[in-house]
$ cat target23.txt   # compact mmCIF, C-alpha atoms and all ligand atoms
# COMPACT_ATOMS: atom_id res chain seq x y z
CA MET A 1 0.00 0.00 0.00
CA VAL A 2 2.88 2.36 0.77
CA LYS A 3 3.90 2.25 -2.90
CA GLU A 4 0.45 3.39 -4.07
CA LEU A 5 0.30 6.10 -1.43
CA ARG A 6 3.74 7.29 -2.48
CA GLU A 7 2.47 7.63 -6.06
CA THR A 8 -0.36 9.82 -4.83
CA VAL A 9 2.13 11.94 -2.89
CA ALA A 10 4.22 12.33 -6.05
CA ARG A 11 1.17 13.58 -7.92
CA ILE A 12 0.06 15.84 -5.08
CA LEU A 13 3.49 17.47 -5.03
CA ARG A 14 2.75 18.96 -8.46
CA VAL A 15 0.28 21.27 -6.72
CA PRO A 16 1.97 24.42 -5.31
CA TYR A 17 -0.35 24.52 -2.29
CA TYR A 18 0.55 20.97 -1.24
CA GLN A 19 4.22 21.55 -2.12
CA LYS A 20 4.28 24.34 0.42
CA ARG A 21 2.40 22.43 3.13
CA LEU A 22 4.44 19.26 2.74
CA GLY A 23 7.63 21.31 2.40
CA GLU A 24 6.99 22.73 5.86
CA LEU A 25 7.25 19.16 7.17
CA GLY A 26 10.48 18.59 5.26
CA ILE A 27 8.80 16.46 2.60
CA THR A 28 9.92 17.55 -0.84
CA GLN A 29 9.71 14.29 -2.78
CA ALA A 30 7.57 11.14 -2.73
CA GLU A 31 10.58 9.04 -1.67
CA ASP A 32 10.39 10.74 1.71
CA ILE A 33 7.43 8.46 2.40
CA GLN A 34 8.93 5.10 3.34
CA SER A 35 6.33 3.69 5.69
CA LEU A 36 2.70 4.01 6.71
CA LYS A 37 3.94 5.94 9.75
CA ASP A 38 5.55 8.53 7.42
CA PHE A 39 2.27 8.77 5.54
CA GLN A 40 0.27 9.29 8.73
CA ARG A 41 2.36 12.38 9.49
CA LEU A 42 1.12 14.09 6.34
CA PRO A 43 -1.33 16.95 6.74
CA LEU A 44 -5.08 16.43 6.48
CA THR A 45 -7.09 18.14 3.74
CA SER A 46 -10.41 19.76 4.53
CA LYS A 47 -13.23 21.45 2.64
CA GLU A 48 -11.65 24.73 3.72
CA ASP A 49 -8.51 23.90 1.67
CA LEU A 50 -10.72 23.50 -1.38
CA ARG A 51 -12.38 26.84 -0.73
CA LEU A 52 -9.03 28.59 -0.31
CA ASN A 53 -7.96 27.26 -3.69
CA TYR A 54 -11.22 27.94 -5.53
CA PRO A 55 -11.79 27.06 -8.30
CA PHE A 56 -8.89 25.11 -9.82
CA GLY A 57 -5.98 25.64 -7.44
CA LEU A 58 -5.76 22.03 -6.25
CA MET A 59 -5.87 20.38 -9.69
CA ALA A 60 -2.79 18.30 -10.44
CA GLU A 61 -3.33 18.62 -14.20
CA PRO A 62 -3.62 21.74 -16.36
CA VAL A 63 -7.26 22.70 -16.85
CA ASP A 64 -6.81 21.82 -20.56
CA ASN A 65 -6.43 18.17 -19.56
CA LEU A 66 -9.67 18.09 -17.60
CA VAL A 67 -12.86 16.94 -19.30
CA ARG A 68 -15.36 17.56 -16.53
CA VAL A 69 -15.93 19.46 -13.31
CA HIS A 70 -18.38 18.85 -10.50
CA ALA A 71 -19.01 20.99 -7.46
CA SER A 72 -20.75 20.67 -4.17
CA SER A 73 -22.68 23.59 -2.86
CA GLY A 74 -21.52 25.04 0.39
CA THR A 75 -24.03 26.49 2.79
CA THR A 76 -22.30 29.83 2.36
CA GLY A 77 -20.18 31.35 -0.37
CA LYS A 78 -18.39 29.54 -3.17
CA PRO A 79 -18.85 25.85 -3.93
CA THR A 80 -16.01 23.35 -3.72
CA VAL A 81 -14.87 22.34 -7.19
CA VAL A 82 -13.38 19.04 -8.35
CA GLY A 83 -11.99 18.14 -11.80
CA TYR A 84 -11.66 14.92 -13.77
CA THR A 85 -9.43 13.88 -16.64
CA ARG A 86 -10.75 11.51 -19.31
CA LYS A 87 -9.06 8.65 -17.48
CA ASP A 88 -10.65 9.70 -14.17
CA VAL A 89 -14.11 9.73 -15.72
CA GLN A 90 -13.54 6.24 -17.14
CA LEU A 91 -12.16 4.94 -13.84
CA TRP A 92 -15.15 6.36 -11.97
CA ALA A 93 -17.56 4.58 -14.33
CA GLU A 94 -15.72 1.29 -13.76
CA ILE A 95 -15.72 1.75 -9.99
CA VAL A 96 -19.47 2.43 -9.92
CA ALA A 97 -20.13 -0.51 -12.27
CA ASN A 98 -18.15 -2.85 -10.01
CA GLY A 99 -20.05 -1.58 -6.99
CA LEU A 100 -23.42 -2.08 -8.66
CA ARG A 101 -22.40 -5.64 -9.55
CA LEU A 102 -21.70 -6.34 -5.86
CA ALA A 103 -25.15 -4.94 -5.09
CA GLY A 104 -26.75 -7.44 -7.48
CA VAL A 105 -27.40 -5.11 -10.42
CA THR A 106 -26.81 -6.67 -13.86
CA SER A 107 -26.77 -5.61 -17.50
CA LYS A 108 -30.40 -6.75 -17.73
CA ASP A 109 -31.61 -4.17 -15.24
CA VAL A 110 -33.50 -0.96 -15.95
CA VAL A 111 -32.10 1.69 -13.61
CA GLN A 112 -34.07 4.83 -12.85
CA VAL A 113 -31.54 7.43 -11.72
CA ALA A 114 -33.52 9.88 -9.60
CA TYR A 115 -30.48 11.58 -8.12
CA GLY A 116 -30.02 15.12 -9.31
CA TYR A 117 -28.04 15.61 -12.54
CA GLY A 118 -25.71 18.56 -12.78
CA LEU A 119 -22.84 19.84 -10.69
CA PHE A 120 -23.84 17.36 -7.96
CA THR A 121 -22.06 14.04 -8.63
CA GLY A 122 -25.00 11.77 -7.76
CA GLY A 123 -26.87 11.64 -11.07
CA MET A 124 -23.99 11.48 -13.52
CA GLY A 125 -21.93 9.20 -11.27
CA LEU A 126 -24.63 6.53 -11.23
CA HIS A 127 -25.45 7.18 -14.88
CA TYR A 128 -22.03 6.34 -16.31
CA GLY A 129 -21.62 3.43 -13.90
CA CYS A 130 -24.86 1.87 -15.16
CA GLU A 131 -23.86 2.37 -18.80
CA GLU A 132 -20.48 0.80 -18.09
CA LEU A 133 -22.32 -2.18 -16.61
CA GLY A 134 -24.56 -2.37 -19.66
CA ALA A 135 -27.79 -1.72 -17.80
CA LEU A 136 -30.51 0.47 -19.31
CA VAL A 137 -30.40 3.91 -17.69
CA VAL A 138 -33.41 6.15 -17.26
CA PRO A 139 -31.81 9.55 -16.56
CA ILE A 140 -34.89 11.13 -15.05
CA SER A 141 -33.01 13.14 -12.35
CA GLY A 142 -34.75 14.23 -9.14
CA GLY A 143 -38.25 15.58 -8.69
CA ASN A 144 -41.41 15.34 -10.78
CA THR A 145 -42.74 12.53 -8.66
CA GLN A 146 -45.84 11.63 -10.69
CA ARG A 147 -43.72 11.24 -13.82
CA GLN A 148 -41.23 9.10 -11.87
CA LEU A 149 -44.04 6.71 -10.93
CA MET A 150 -45.50 6.57 -14.43
CA LEU A 151 -42.15 5.74 -16.04
CA MET A 152 -41.29 3.31 -13.24
CA LYS A 153 -44.36 1.33 -14.24
CA ASP A 154 -44.23 1.82 -18.03
CA PHE A 155 -40.50 1.17 -18.45
CA GLY A 156 -40.43 -1.75 -16.02
CA THR A 157 -37.82 -0.11 -13.81
CA THR A 158 -36.03 -2.75 -11.72
CA VAL A 159 -33.53 -0.55 -9.87
CA LEU A 160 -34.22 2.82 -8.24
CA ALA A 161 -31.29 5.11 -7.37
CA CYS A 162 -31.98 8.16 -5.17
CA THR A 163 -31.75 9.45 -1.60
CA PRO A 164 -33.47 7.28 1.04
CA SER A 165 -35.81 10.14 1.94
CA TYR A 166 -36.92 10.49 -1.67
CA ALA A 167 -37.41 6.71 -1.92
CA LEU A 168 -39.77 6.97 1.01
CA TYR A 169 -41.64 9.83 -0.60
CA LEU A 170 -41.97 7.82 -3.82
CA ALA A 171 -43.31 4.86 -1.82
CA GLU A 172 -45.89 7.09 -0.18
CA SER A 173 -46.89 8.64 -3.51
CA LEU A 174 -47.27 5.17 -5.04
CA GLU A 175 -49.73 4.23 -2.33
CA GLU A 176 -51.72 7.40 -3.02
CA THR A 177 -51.67 6.98 -6.79
CA GLY A 178 -53.11 3.49 -6.43
CA ILE A 179 -50.32 1.77 -8.37
CA SER A 180 -49.85 -1.58 -6.68
CA ARG A 181 -46.46 -3.16 -6.17
CA ASP A 182 -47.45 -6.04 -8.46
CA GLU A 183 -47.60 -3.62 -11.37
CA LEU A 184 -43.93 -2.73 -10.80
CA ARG A 185 -40.80 -4.75 -11.41
CA LEU A 186 -38.72 -2.90 -8.83
CA ARG A 187 -36.28 -5.18 -6.97
CA ILE A 188 -33.27 -3.13 -5.79
CA GLY A 189 -32.76 0.38 -4.43
CA ILE A 190 -29.37 2.14 -4.49
CA PHE A 191 -29.70 4.75 -1.79
CA GLY A 192 -27.20 7.28 -0.47
CA ALA A 193 -26.14 10.94 -0.17
CA GLU A 194 -27.61 11.28 3.34
CA PRO A 195 -27.24 9.37 6.61
CA TRP A 196 -30.01 6.84 7.32
CA THR A 197 -30.69 4.14 9.87
CA GLU A 198 -31.48 0.42 9.80
CA GLY A 199 -35.03 1.30 10.85
CA MET A 200 -35.37 3.48 7.76
CA ARG A 201 -34.01 0.64 5.62
CA GLU A 202 -36.64 -1.78 6.94
CA GLU A 203 -39.34 0.79 6.31
CA ILE A 204 -38.29 1.38 2.69
CA GLU A 205 -37.74 -2.31 1.97
CA SER A 206 -41.16 -3.32 3.20
CA ARG A 207 -43.02 -0.46 1.52
CA LEU A 208 -41.39 -0.87 -1.88
CA GLY A 209 -40.81 -4.64 -1.66
CA ILE A 210 -37.14 -4.27 -2.60
CA LYS A 211 -33.66 -4.81 -1.25
CA ALA A 212 -32.30 -1.40 -0.18
CA ILE A 213 -28.56 -1.02 -0.70
CA ASP A 214 -26.47 1.68 0.93
CA ILE A 215 -24.04 3.51 -1.39
CA TYR A 216 -21.47 6.04 -0.23
CA GLY A 217 -19.43 8.73 -1.86
CA LEU A 218 -18.61 12.40 -1.95
CA SER A 219 -17.49 14.66 -4.74
CA GLU A 220 -14.20 15.56 -3.06
CA ILE A 221 -13.11 11.92 -3.31
CA MET A 222 -14.84 11.08 -6.62
CA GLY A 223 -18.61 10.92 -6.18
CA PRO A 224 -20.94 7.98 -5.50
CA GLY A 225 -19.29 4.56 -5.54
CA VAL A 226 -16.43 5.16 -3.11
CA ALA A 227 -18.09 2.39 -1.09
CA ILE A 228 -21.22 0.27 -1.46
CA GLU A 229 -22.90 -2.67 0.23
CA CYS A 230 -23.02 -6.05 -1.47
CA GLU A 231 -26.19 -8.14 -1.37
CA GLY A 232 -25.07 -9.43 2.03
CA GLN A 233 -25.75 -5.94 3.49
CA HIS A 234 -23.05 -6.17 6.17
CA GLY A 235 -21.26 -2.86 5.82
CA LEU A 236 -20.03 -0.97 2.76
CA HIS A 237 -17.11 -2.36 0.79
CA ILE A 238 -14.60 0.37 -0.01
CA ASP A 239 -13.31 0.36 -3.56
CA PRO A 240 -9.56 -0.37 -3.62
CA HIS A 241 -8.85 2.94 -5.40
CA PHE A 242 -9.38 4.73 -2.09
CA TYR A 243 -7.29 4.40 1.03
CA PRO A 244 -9.37 4.92 4.19
CA GLU A 245 -8.38 5.90 7.72
CA VAL A 246 -10.48 6.59 10.78
CA LEU A 247 -9.13 9.31 13.07
CA ASP A 248 -9.90 10.41 16.59
CA GLU A 249 -10.68 14.01 17.57
CA ASN A 250 -6.97 14.89 17.63
CA GLY A 251 -6.36 13.50 14.17
CA SER A 252 -4.61 10.32 15.32
CA PRO A 253 -5.39 7.08 13.46
CA LEU A 254 -7.72 4.70 15.31
CA PRO A 255 -7.50 0.90 15.15
CA GLU A 256 -10.08 -1.25 13.34
CA GLY A 257 -13.50 -1.27 14.97
CA LYS A 258 -13.11 2.11 16.69
CA LYS A 259 -15.49 4.87 15.66
CA GLY A 260 -14.11 8.17 14.42
CA GLU A 261 -13.92 10.52 11.46
CA LEU A 262 -13.47 8.87 8.08
CA VAL A 263 -10.56 10.18 6.00
CA PHE A 264 -9.72 9.18 2.42
CA THR A 265 -6.70 9.37 0.15
CA THR A 266 -7.32 8.74 -3.54
CA LEU A 267 -5.12 6.33 -5.49
CA GLU A 268 -4.68 6.58 -9.28
CA LYS A 269 -6.79 9.71 -9.61
CA GLU A 270 -5.20 12.26 -11.97
CA GLY A 271 -7.10 15.55 -12.13
CA PHE A 272 -7.93 16.02 -8.49
CA PRO A 273 -5.91 13.66 -6.30
CA VAL A 274 -6.62 14.25 -2.65
CA LEU A 275 -4.54 13.58 0.42
CA ARG A 276 -6.13 12.47 3.70
CA TYR A 277 -9.42 14.26 3.06
CA ARG A 278 -11.62 14.74 6.12
CA THR A 279 -15.11 13.57 5.18
CA LYS A 280 -16.72 14.61 8.50
CA ASP A 281 -18.56 11.30 8.41
CA LEU A 282 -18.41 9.09 11.48
CA THR A 283 -17.88 5.36 11.03
CA THR A 284 -15.68 2.35 11.83
CA LEU A 285 -13.45 0.28 9.55
CA ARG A 286 -12.54 -3.37 9.32
CA TYR A 287 -10.22 -5.25 6.99
CA GLY A 288 -10.91 -8.69 5.63
CA LYS A 289 -12.76 -10.87 3.17
CA CYS A 290 -16.54 -10.73 2.80
CA GLU A 291 -18.10 -14.18 3.15
CA HIS A 292 -20.99 -13.17 0.94
CA CYS A 293 -19.36 -11.66 -2.15
CA GLY A 294 -15.65 -12.36 -1.73
CA HIS A 295 -14.64 -8.68 -1.63
CA GLU A 296 -11.25 -8.44 0.01
CA GLY A 297 -10.11 -5.21 1.61
CA TRP A 298 -11.66 -2.48 3.72
CA THR A 299 -15.30 -2.41 4.75
CA MET A 300 -16.89 0.48 6.61
CA ASP A 301 -20.00 0.56 8.74
CA ARG A 302 -22.90 2.60 7.47
CA VAL A 303 -22.37 6.29 8.17
CA SER A 304 -24.77 6.91 11.01
CA ALA A 305 -23.93 10.55 11.42
CA ARG A 306 -22.02 13.48 9.99
CA VAL A 307 -19.97 15.72 12.23
CA ASP A 308 -21.71 18.66 10.54
CA ASP A 309 -25.16 17.38 11.52
CA MET A 310 -24.26 17.20 15.18
CA LEU A 311 -26.34 19.39 17.45
CA ILE A 312 -25.07 20.38 20.86
CA ILE A 313 -28.06 20.59 23.15
CA ARG A 314 -27.45 21.46 26.79
CA GLY A 315 -23.87 20.32 26.29
CA VAL A 316 -24.82 16.91 24.90
CA ASN A 317 -24.02 15.78 21.35
CA VAL A 318 -27.17 14.79 19.48
CA PHE A 319 -27.41 13.44 15.94
CA PRO A 320 -30.66 13.47 13.92
CA SER A 321 -30.07 9.79 13.08
CA GLN A 322 -30.30 8.91 16.79
CA VAL A 323 -33.69 10.58 16.94
CA GLU A 324 -34.73 8.65 13.81
CA GLU A 325 -33.69 5.41 15.50
CA GLY A 326 -35.80 6.29 18.53
CA ILE A 327 -38.86 7.12 16.42
CA LEU A 328 -38.70 4.01 14.28
CA ALA A 329 -38.38 1.77 17.32
CA VAL A 330 -42.00 2.71 18.15
CA GLY A 331 -44.87 1.61 15.90
CA GLY A 332 -47.74 3.73 14.63
CA LEU A 333 -45.60 6.53 13.23
CA GLU A 334 -44.41 7.66 9.83
CA PRO A 335 -40.64 7.98 9.29
CA HIS A 336 -41.04 11.71 8.68
CA TYR A 337 -39.73 13.94 11.42
CA LEU A 338 -38.24 17.32 12.20
CA LEU A 339 -35.99 18.48 15.03
CA VAL A 340 -36.74 21.98 16.24
CA VAL A 341 -34.16 23.45 18.59
CA GLU A 342 -34.61 26.72 20.40
CA ARG A 343 -33.33 28.53 23.43
CA VAL A 344 -35.93 29.26 26.04
CA GLY A 345 -34.38 31.63 28.54
CA THR A 346 -30.92 30.17 28.95
CA LEU A 347 -31.96 26.61 28.28
CA ASP A 348 -31.75 24.75 24.98
CA GLN A 349 -34.90 22.89 24.15
CA LEU A 350 -35.33 20.11 21.61
CA GLU A 351 -38.78 19.47 20.21
CA VAL A 352 -39.25 16.56 17.86
CA TRP A 353 -42.14 16.68 15.42
CA VAL A 354 -43.24 13.26 14.27
CA GLU A 355 -46.02 12.30 11.92
CA VAL A 356 -48.50 9.72 13.10
CA ASN A 357 -49.80 7.28 10.51
CA THR A 358 -53.39 7.49 9.36
CA ALA A 359 -54.56 4.62 11.57
CA SER A 360 -53.09 6.13 14.74
CA PHE A 361 -54.40 9.55 13.78
CA LEU A 362 -57.96 8.23 14.07
CA ASP A 363 -57.29 6.88 17.56
CA GLU A 364 -58.68 8.48 20.64
CA VAL A 365 -56.85 11.31 22.33
CA ARG A 366 -55.83 9.06 25.21
CA GLU A 367 -54.14 6.62 22.86
CA LEU A 368 -52.33 9.43 21.07
CA GLU A 369 -51.05 10.71 24.39
CA ASN A 370 -49.82 7.26 25.19
CA LEU A 371 -48.05 7.06 21.81
CA GLN A 372 -46.48 10.46 22.39
CA GLU A 373 -45.13 9.34 25.75
CA ARG A 374 -43.65 6.16 24.26
CA VAL A 375 -41.86 8.07 21.49
CA LYS A 376 -40.52 10.55 24.01
CA ARG A 377 -39.08 7.79 26.18
CA SER A 378 -37.69 5.91 23.20
CA ILE A 379 -35.79 9.00 21.99
CA GLU A 380 -34.62 9.99 25.47
CA ASP A 381 -33.25 6.48 26.08
CA ILE A 382 -30.96 6.94 23.09
CA ILE A 383 -29.87 10.57 23.34
CA GLY A 384 -29.84 10.88 27.12
CA ILE A 385 -31.54 14.26 27.45
CA SER A 386 -35.18 15.20 27.79
CA VAL A 387 -37.13 16.15 24.68
CA ARG A 388 -40.61 17.37 23.87
CA VAL A 389 -42.49 15.38 21.28
CA ARG A 390 -45.18 16.86 19.11
CA LEU A 391 -47.27 14.43 17.11
CA VAL A 392 -48.44 16.00 13.87
CA GLU A 393 -50.98 15.02 11.23
CA PRO A 394 -50.08 12.60 8.45
CA LYS A 395 -48.29 14.33 5.53
CA SER A 396 -47.80 17.64 7.31
CA ILE A 397 -43.98 17.59 7.34
CA PRO A 398 -42.56 18.76 3.98
CA ARG A 399 -41.30 15.92 1.75
CA SER A 400 -37.91 16.02 0.10
CA GLU A 401 -37.06 15.28 -3.51
CA GLY A 402 -33.35 15.29 -2.70
CA LYS A 403 -31.60 15.46 0.61
CA ALA A 404 -34.00 15.73 3.52
CA LYS A 405 -33.97 18.72 5.84
CA ARG A 406 -34.34 17.37 9.37
CA VAL A 407 -33.34 20.25 11.61
CA ILE A 408 -34.56 23.75 12.31
CA ASP A 409 -32.14 25.37 14.72
CA LYS A 410 -33.66 28.62 15.90
CA ARG A 411 -30.64 29.36 18.10
CA LYS A 412 -28.73 30.42 14.99
CA GLY A 413 -29.33 33.82 13.45
ZN ZN B 1 -19.69 -8.47 0.38
$ encode --input "target23.txt" --output "structure tokens"
Amino acid sequence: MVKELRETVARILRVPYYQKRLGELGITQAEDIQSLKDFQRLPLTSKEDLRLNYPFGLMAEPVDNLVRVHASSGTTGKPTVVGYTRKDVQLWAEIVANGLRLAGVTSKDVVQVAYGYGLFTGGMGLHYGCEELGALVVPISGGNTQRQLMLMKDFGTTVLACTPSYALYLAESLEETGISRDELRLRIGIFGAEPWTEGMREEIESRLGIKAIDIYGLSEIMGPGVAIECEGQHGLHIDPHFYPEVLDENGSPLPEGKKGELVFTTLEKEGFPVLRYRTKDLTTLRYGKCEHCGHEGWTMDRVSARVDDMLIIRGVNVFPSQVEEGILAVGGLEPHYLLVVERVGTLDQLEVWVEVNTASFLDEVRELENLQERVKRSIEDIIGISVRVRLVEPKSIPRSEGKAKRVIDKRKG
């Protein structure tokens, strides 16, 4: 592995910004990296480094040699931009195709890509991977739900690729439209681009009658396909073109099985090679061979939370996915929820809005109060602080056609 990492360092050293940062550590040539220990001394890269070098400052090839750019929108200011050479674009397609194969997708499948197309990597990443595999791609992009359902039925879509929250919305819309599952040929879902829980997986699988596969990626590393579950659904297999590490809060590498921040170094990428990029996703790693599919290498646990999503409420770290877990452990509710945080006096207060399902909604007040109390306790058991729960009418929380918005933090601004 050290040899491959050294090649990435050689490529990185073409970039003046990295030259300077590595130079400060006395590293002026790739040969200075002789062991994994040497590599682990190298600086981390963050989204901030990309912003500082906007738009093309971190490219290791002249812009003339790039054939495509993607960008991820920041919450403020300029987006972070990544570039691909022709070889990168081809490699990406092969990586996604290999991942889809592990997930059980074949050249006979009809794949409806309902991720957004454009600067976001989701749509085009899946698109070229499917073509590489030889599957039939329906590049419908996100949104336009009624049309999604019509084409899903008419084209005999067998694989749906989108965010888990949009999959859920599609499932709900199917039920309303009166299209029964027997009229569809759907069998696999390729879901990613936002953290989700096992409870959410069960919900989607039972409502759509499919196997829901977790896919992982981010534009700074390549896009979707960095890791994906096989049909065995025991963690996401990391493609061997990416070298993963998990670090503790001080940036020190953690051993296998310990949870921390996931960091990636790209191997063989030309246009935008990246060194020890901090994903802000929390997970654990393990190395070995998968009994189900034979994949040998690194496997990561599903990303349960992003550092960025973390709320600090009365000094306690709370992740929306923990609240989701608490909600889905109780029956009678819809997996649609919203966290509303505000400061009352000097005290932070978390209120969780949860939709009841239609059956529960018709229950008597007493039963609803009982349900409310059970949800409250279920969430509090997981996050360890008291919350207020507000049960709301079915379909009253806004649905998402892309990444779901789960938090309203009134303490900000
Ligand atoms: Zn496997």
$ residues_near_ligand --input "target23.txt" --ligand "ligand ZN 1 (chain B)" --cutoff "8 Å" --atoms "all atoms listed in the file" --output "PyMOL selection string"
chain A and resi 102+229-237+289-295
$ residues_around --input "target23.txt" --residues "segment 402-410 of chain A" --least-positions-apart "2" --cutoff "8 Å" --atoms "all atoms listed in the file" --output "PyMOL selection string"
chain A and resi 115-116+142-143+162-163+165-166+193-194+320+337-343+399-400+412-413
$ residues_around --input "target23.txt" --residues "Arg14 of chain A" --least-positions-apart "3" --cutoff "10 Å" --atoms "only C-alpha atoms" --output "PyMOL selection string"
chain A and resi 9-11+17-19+58-61
$ residues_around --input "target23.txt" --residues "Pro79 of chain A" --least-positions-apart "4" --cutoff "12 Å" --atoms "only C-alpha atoms" --output "ChimeraX atom specification"
/A:47-56,69-75,119-120,219-220
$ residues_around --input "target23.txt" --residues "segment 268-271 of chain A" --least-positions-apart "4" --cutoff "12 Å" --atoms "all atoms listed in the file" --output "PyMOL selection string"
chain A and resi 3-12+14-15+56-70+81-92+95+220-222+240-243+275
$ closest_residue --input "target23.txt" --among "A:Ile33, A:Ala135, A:Leu208, A:Ile379" --to "Gly326 of chain A" --atoms "all atoms listed in the file"
A:Ile379
$ residues_around --input "target23.txt" --residues "Gly332 of chain A" --least-positions-apart "2" --cutoff "10 Å" --atoms "all atoms listed in the file" --output "list in words"
Ile327, Leu328, Ala329, Val330, Glu334, Pro335, Glu355, Val356, Asn357, Thr358, Ala359, Ser360, Phe361, Leu368 and Leu371 of chain A
$ closest_residue --input "target23.txt" --among "A:Gln322, A:Asn98, A:Thr157, A:Ser35" --to "Gly225 of chain A" --atoms "all atoms listed in the file"
A:Asn98
$ residues_near_point --input "target23.txt" --point "(-18.6, 13.7, 5.1)" --cutoff "12 Å" --atoms "only C-alpha atoms" --output "NGL selection string"
:A and (46-47 or 72 or 193-195 or 216-221 or 223 or 260-264 or 277-283 or 303-309)
$ write_last_selection --input "target23.txt" --atoms "C-alpha atoms" --output "CSV table (one decimal), in the frame of the given file"
chain,number,residue,atom,x,y,z
A,46,SER,CA,-10.4,19.8,4.5
A,47,LYS,CA,-13.2,21.4,2.6
A,72,SER,CA,-20.8,20.7,-4.2
A,193,ALA,CA,-26.1,10.9,-0.2
A,194,GLU,CA,-27.6,11.3,3.3
A,195,PRO,CA,-27.2,9.4,6.6
A,216,TYR,CA,-21.5,6.0,-0.2
A,217,GLY,CA,-19.4,8.7,-1.9
A,218,LEU,CA,-18.6,12.4,-2.0
A,219,SER,CA,-17.5,14.7,-4.7
A,220,GLU,CA,-14.2,15.6,-3.1
A,221,ILE,CA,-13.1,11.9,-3.3
A,223,GLY,CA,-18.6,10.9,-6.2
A,260,GLY,CA,-14.1,8.2,14.4
A,261,GLU,CA,-13.9,10.5,11.5
A,262,LEU,CA,-13.5,8.9,8.1
A,263,VAL,CA,-10.6,10.2,6.0
A,264,PHE,CA,-9.7,9.2,2.4
A,277,TYR,CA,-9.4,14.3,3.1
A,278,ARG,CA,-11.6,14.7,6.1
A,279,THR,CA,-15.1,13.6,5.2
A,280,LYS,CA,-16.7,14.6,8.5
A,281,ASP,CA,-18.6,11.3,8.4
A,282,LEU,CA,-18.4,9.1,11.5
A,283,THR,CA,-17.9,5.4,11.0
A,303,VAL,CA,-22.4,6.3,8.2
A,304,SER,CA,-24.8,6.9,11.0
A,305,ALA,CA,-23.9,10.6,11.4
A,306,ARG,CA,-22.0,13.5,10.0
A,307,VAL,CA,-20.0,15.7,12.2
A,308,ASP,CA,-21.7,18.7,10.5
A,309,ASP,CA,-25.2,17.4,11.5
$ atom_distance --input "target23.txt" --atom1 "atom CA of Glu94 of chain A" --atom2 "atom CA of Ile188 of chain A"
19.8 Å
$ build_atoms --input "target23.txt" --residues "segment 94-104 of chain A" --atoms "N, CA, C and O atoms" --output "compact mmCIF listing (two decimals), keeping the file's coordinate frame"
# COMPACT_ATOMS: atom_id res chain seq x y z
N GLU A 94 -16.05 2.69 -14.07
CA GLU A 94 -15.72 1.29 -13.76
C GLU A 94 -15.94 0.99 -12.28
O GLU A 94 -16.43 -0.09 -11.91
N ILE A 95 -15.55 1.95 -11.44
CA ILE A 95 -15.72 1.75 -9.99
C ILE A 95 -17.21 1.62 -9.64
O ILE A 95 -17.60 0.73 -8.89
N VAL A 96 -18.03 2.49 -10.21
CA VAL A 96 -19.47 2.43 -9.92
C VAL A 96 -20.05 1.12 -10.47
O VAL A 96 -20.85 0.45 -9.80
N ALA A 97 -19.63 0.73 -11.67
CA ALA A 97 -20.13 -0.51 -12.27
C ALA A 97 -19.78 -1.71 -11.39
O ALA A 97 -20.63 -2.57 -11.13
N ASN A 98 -18.55 -1.75 -10.90
CA ASN A 98 -18.15 -2.85 -10.01
C ASN A 98 -19.00 -2.88 -8.75
O ASN A 98 -19.43 -3.93 -8.29
N GLY A 99 -19.24 -1.68 -8.20
CA GLY A 99 -20.05 -1.58 -6.99
C GLY A 99 -21.48 -2.08 -7.23
O GLY A 99 -22.03 -2.82 -6.42
N LEU A 100 -22.05 -1.66 -8.35
CA LEU A 100 -23.42 -2.08 -8.66
C LEU A 100 -23.50 -3.60 -8.82
O LEU A 100 -24.47 -4.23 -8.40
N ARG A 101 -22.46 -4.18 -9.40
CA ARG A 101 -22.40 -5.64 -9.55
C ARG A 101 -22.46 -6.32 -8.17
O ARG A 101 -23.19 -7.28 -7.97
N LEU A 102 -21.68 -5.78 -7.22
CA LEU A 102 -21.70 -6.34 -5.86
C LEU A 102 -23.10 -6.24 -5.26
O LEU A 102 -23.52 -7.09 -4.48
N ALA A 103 -23.81 -5.17 -5.64
CA ALA A 103 -25.15 -4.94 -5.09
C ALA A 103 -26.21 -5.79 -5.79
O ALA A 103 -27.38 -5.74 -5.42
N GLY A 104 -25.81 -6.54 -6.80
CA GLY A 104 -26.75 -7.44 -7.48
C GLY A 104 -27.36 -6.87 -8.74
O GLY A 104 -28.25 -7.47 -9.34
